[in-house]
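**Student:** Take a look at the following structure, please.
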Amino acid sequence: VVEELFFHDRPVVELAAEMGVTQSRISQLRTQALGMLRDAMNTSLEPDLAPAPSAAPGVAERRRQAYYAAVAERASSALARGVAAPLPVRAAVDVV
């Protein structure tokens, strides 16, 4: 959803029809994805702003933590190659 909306500039109406869901559901998915991206960035860049993992993690929490780790790894790899500096965490939070 995020890739199609932001990188391919697809209209919500078109994306909803293609996925067989409502426009409202596309909005929910976008909000959830951007929140996860923000939390992943905060986990590696500003841990005080990251949500605390649950005490007894289930499948969803383990997947979320794996996603956070993947985002951190990709960012550190890009920095090591000198590709780009990460966005300031505050700017990422403001976007959501």
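As shown in the structure tokens, the chain order sets the letters A, B, ...; within each chain, residues go from 1, and ligands are also counted from 1 in the order they appear.
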Residues within 12 Å of A:Glu3, please, as a PDB file with N, CA, C and O atoms, in the first residue's frame. Count only C-alpha atoms; anything in the same chain fewer than 3 positions from it doesn't count.
**Tutor:**
ATOM      1  N   PHE A   6       2.823   6.070  -2.421  1.00  0.00           N
ATOM      2  CA  PHE A   6       3.852   7.098  -2.367  1.00  0.00           C
ATOM      3  C   PHE A   6       4.888   7.029  -3.482  1.00  0.00           C
ATOM      4  O   PHE A   6       5.368   8.049  -3.941  1.00  0.00           O
ATOM      5  N   PHE A   7       5.243   5.825  -3.910  1.00  0.00           N
ATOM      6  CA  PHE A   7       6.275   5.712  -4.941  1.00  0.00           C
ATOM      7  C   PHE A   7       5.703   5.658  -6.351  1.00  0.00           C
ATOM      8  O   PHE A   7       6.345   6.067  -7.305  1.00  0.00           O
ATOM      9  N   HIS A   8       4.482   5.113  -6.474  1.00  0.00           N
ATOM     10  CA  HIS A   8       3.866   5.005  -7.791  1.00  0.00           C
ATOM     11  C   HIS A   8       2.710   5.983  -7.974  1.00  0.00           C
ATOM     12  O   HIS A   8       2.047   5.970  -9.002  1.00  0.00           O
ATOM     13  N   ASP A   9       2.451   6.782  -6.949  1.00  0.00           N
ATOM     14  CA  ASP A   9       1.431   7.834  -6.996  1.00  0.00           C
ATOM     15  C   ASP A   9       0.071   7.318  -7.461  1.00  0.00           C
ATOM     16  O   ASP A   9      -0.603   7.934  -8.279  1.00  0.00           O
ATOM     17  N   ARG A  10      -0.312   6.160  -6.941  1.00  0.00           N
ATOM     18  CA  ARG A  10      -1.591   5.561  -7.312  1.00  0.00           C
ATOM     19  C   ARG A  10      -2.708   6.175  -6.483  1.00  0.00           C
ATOM     20  O   ARG A  10      -2.556   6.394  -5.286  1.00  0.00           O
ATOM     21  N   PRO A  11      -3.855   6.437  -7.071  1.00  0.00           N
ATOM     22  CA  PRO A  11      -5.003   6.945  -6.306  1.00  0.00           C
ATOM     23  C   PRO A  11      -5.554   5.865  -5.363  1.00  0.00           C
ATOM     24  O   PRO A  11      -5.542   4.676  -5.701  1.00  0.00           O
ATOM     25  N   LEU A  15      -6.408   1.801  -6.069  1.00  0.00           N
ATOM     26  CA  LEU A  15      -5.758   0.769  -5.264  1.00  0.00           C
ATOM     27  C   LEU A  15      -6.796  -0.064  -4.510  1.00  0.00           C
ATOM     28  O   LEU A  15      -6.686  -1.291  -4.439  1.00  0.00           O
ATOM     29  N   LEU A  29      -4.658   0.702   6.360  1.00  0.00           N
ATOM     30  CA  LEU A  29      -3.415   0.002   6.077  1.00  0.00           C
ATOM     31  C   LEU A  29      -2.247   0.974   5.950  1.00  0.00           C
ATOM     32  O   LEU A  29      -1.149   0.709   6.433  1.00  0.00           O
ATOM     33  N   ARG A  30      -2.488   2.107   5.301  1.00  0.00           N
ATOM     34  CA  ARG A  30      -1.439   3.130   5.157  1.00  0.00           C
ATOM     35  C   ARG A  30      -1.021   3.649   6.529  1.00  0.00           C
ATOM     36  O   ARG A  30       0.166   3.738   6.834  1.00  0.00           O
ATOM     37  N   ALA A  33       0.946   0.948   8.363  1.00  0.00           N
ATOM     38  CA  ALA A  33       2.286   0.762   7.785  1.00  0.00           C
ATOM     39  C   ALA A  33       3.210   1.921   8.142  1.00  0.00           C
ATOM     40  O   ALA A  33       4.375   1.712   8.495  1.00  0.00           O
ATOM     41  N   LEU A  34       2.721   3.144   8.054  1.00  0.00           N
ATOM     42  CA  LEU A  34       3.552   4.294   8.401  1.00  0.00           C
ATOM     43  C   LEU A  34       3.893   4.300   9.886  1.00  0.00           C
ATOM     44  O   LEU A  34       5.004   4.674  10.276  1.00  0.00           O
TER      45      LEU A  34
END
**Student:** Can you pull out the residues contacting stretch 51-57 of chain A? Cut-off 7 Å, using only C-alpha atoms, and skip same-chain residues under 4 positions away; I want them as a ChimeraX atom specification.
**Tutor:** /A:39,61-62
**Student:** Restricting it to all heavy atoms, dump the selection as a compact mmCIF listing (two decimals), in the first residue's frame.
**Tutor:**
# COMPACT_ATOMS: atom_id res chain seq x y z
N ASP A 39 7.93 3.44 14.04
CA ASP A 39 8.40 2.70 15.22
C ASP A 39 9.71 1.99 14.93
O ASP A 39 10.59 1.93 15.79
CB ASP A 39 7.34 1.71 15.68
CG ASP A 39 6.12 2.40 16.27
OD1 ASP A 39 6.20 3.60 16.61
OD2 ASP A 39 5.07 1.72 16.39
N GLU A 61 4.04 -9.84 17.59
CA GLU A 61 5.14 -9.07 18.19
C GLU A 61 6.49 -9.53 17.66
O GLU A 61 7.38 -8.72 17.39
CB GLU A 61 5.10 -9.19 19.72
CG GLU A 61 6.17 -8.39 20.42
CD GLU A 61 6.06 -6.88 20.22
OE1 GLU A 61 4.95 -6.37 19.98
OE2 GLU A 61 7.10 -6.19 20.28
N ARG A 62 6.67 -10.83 17.49
CA ARG A 62 7.94 -11.33 16.93
C ARG A 62 8.14 -10.84 15.50
O ARG A 62 9.25 -10.47 15.13
CB ARG A 62 7.99 -12.86 16.99
CG ARG A 62 8.19 -13.39 18.41
CD ARG A 62 8.53 -14.87 18.42
NE ARG A 62 7.54 -15.71 17.78
CZ ARG A 62 6.50 -16.27 18.40
NH1 ARG A 62 6.32 -16.09 19.69
NH2 ARG A 62 5.65 -17.03 17.74
**Student:** Between A:Val21, A:Leu49, A:Met41, A:Gly58, which residue has the minimum interatomic distance to A:Ala70, considering only C-alpha atoms?
**Tutor:**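 Looking only at the distances to A:Ala70, the closest residue turns out to be A:Met41.
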**Student:** Excluding same-chain residues fewer than 3 positions from A:Ala69, what lies within 9 Å of it counting only C-alpha atoms, as number ranges by chain?
**Tutor:** A: 40, 43-44, 64-66, 72-74
**Student:** Between atom CA of A:Ala78 and atom CA of A:Gly35, what distance in Å does the model show, to one decimal?
**Tutor:**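 One can read the atom CA of A:Ala78 to atom CA of A:Gly35 distance as 21.8 Å.
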**Student:** Please indicate the distance in Å from atom CA of A:Pro47 to atom CA of A:Arg63, rounded to one decimal place.
**Tutor:** 18.2 Å
**Student:** Hey, what does DSSP flag as alpha helix (DSSP H) within stretch 11-85 of chain A? Can you give it to me as a VMD selection string?
**Tutor:** chain A and resid 12 to 19 23 to 45 59 to 80
**Student:** What is the atom CA of A:Met19 to atom CA of A:Ala60 distance in Å?
**Tutor:**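 Atom-to-atom, atom CA of A:Met19 and atom CA of A:Ala60 are spaced 22.6 Å apart.
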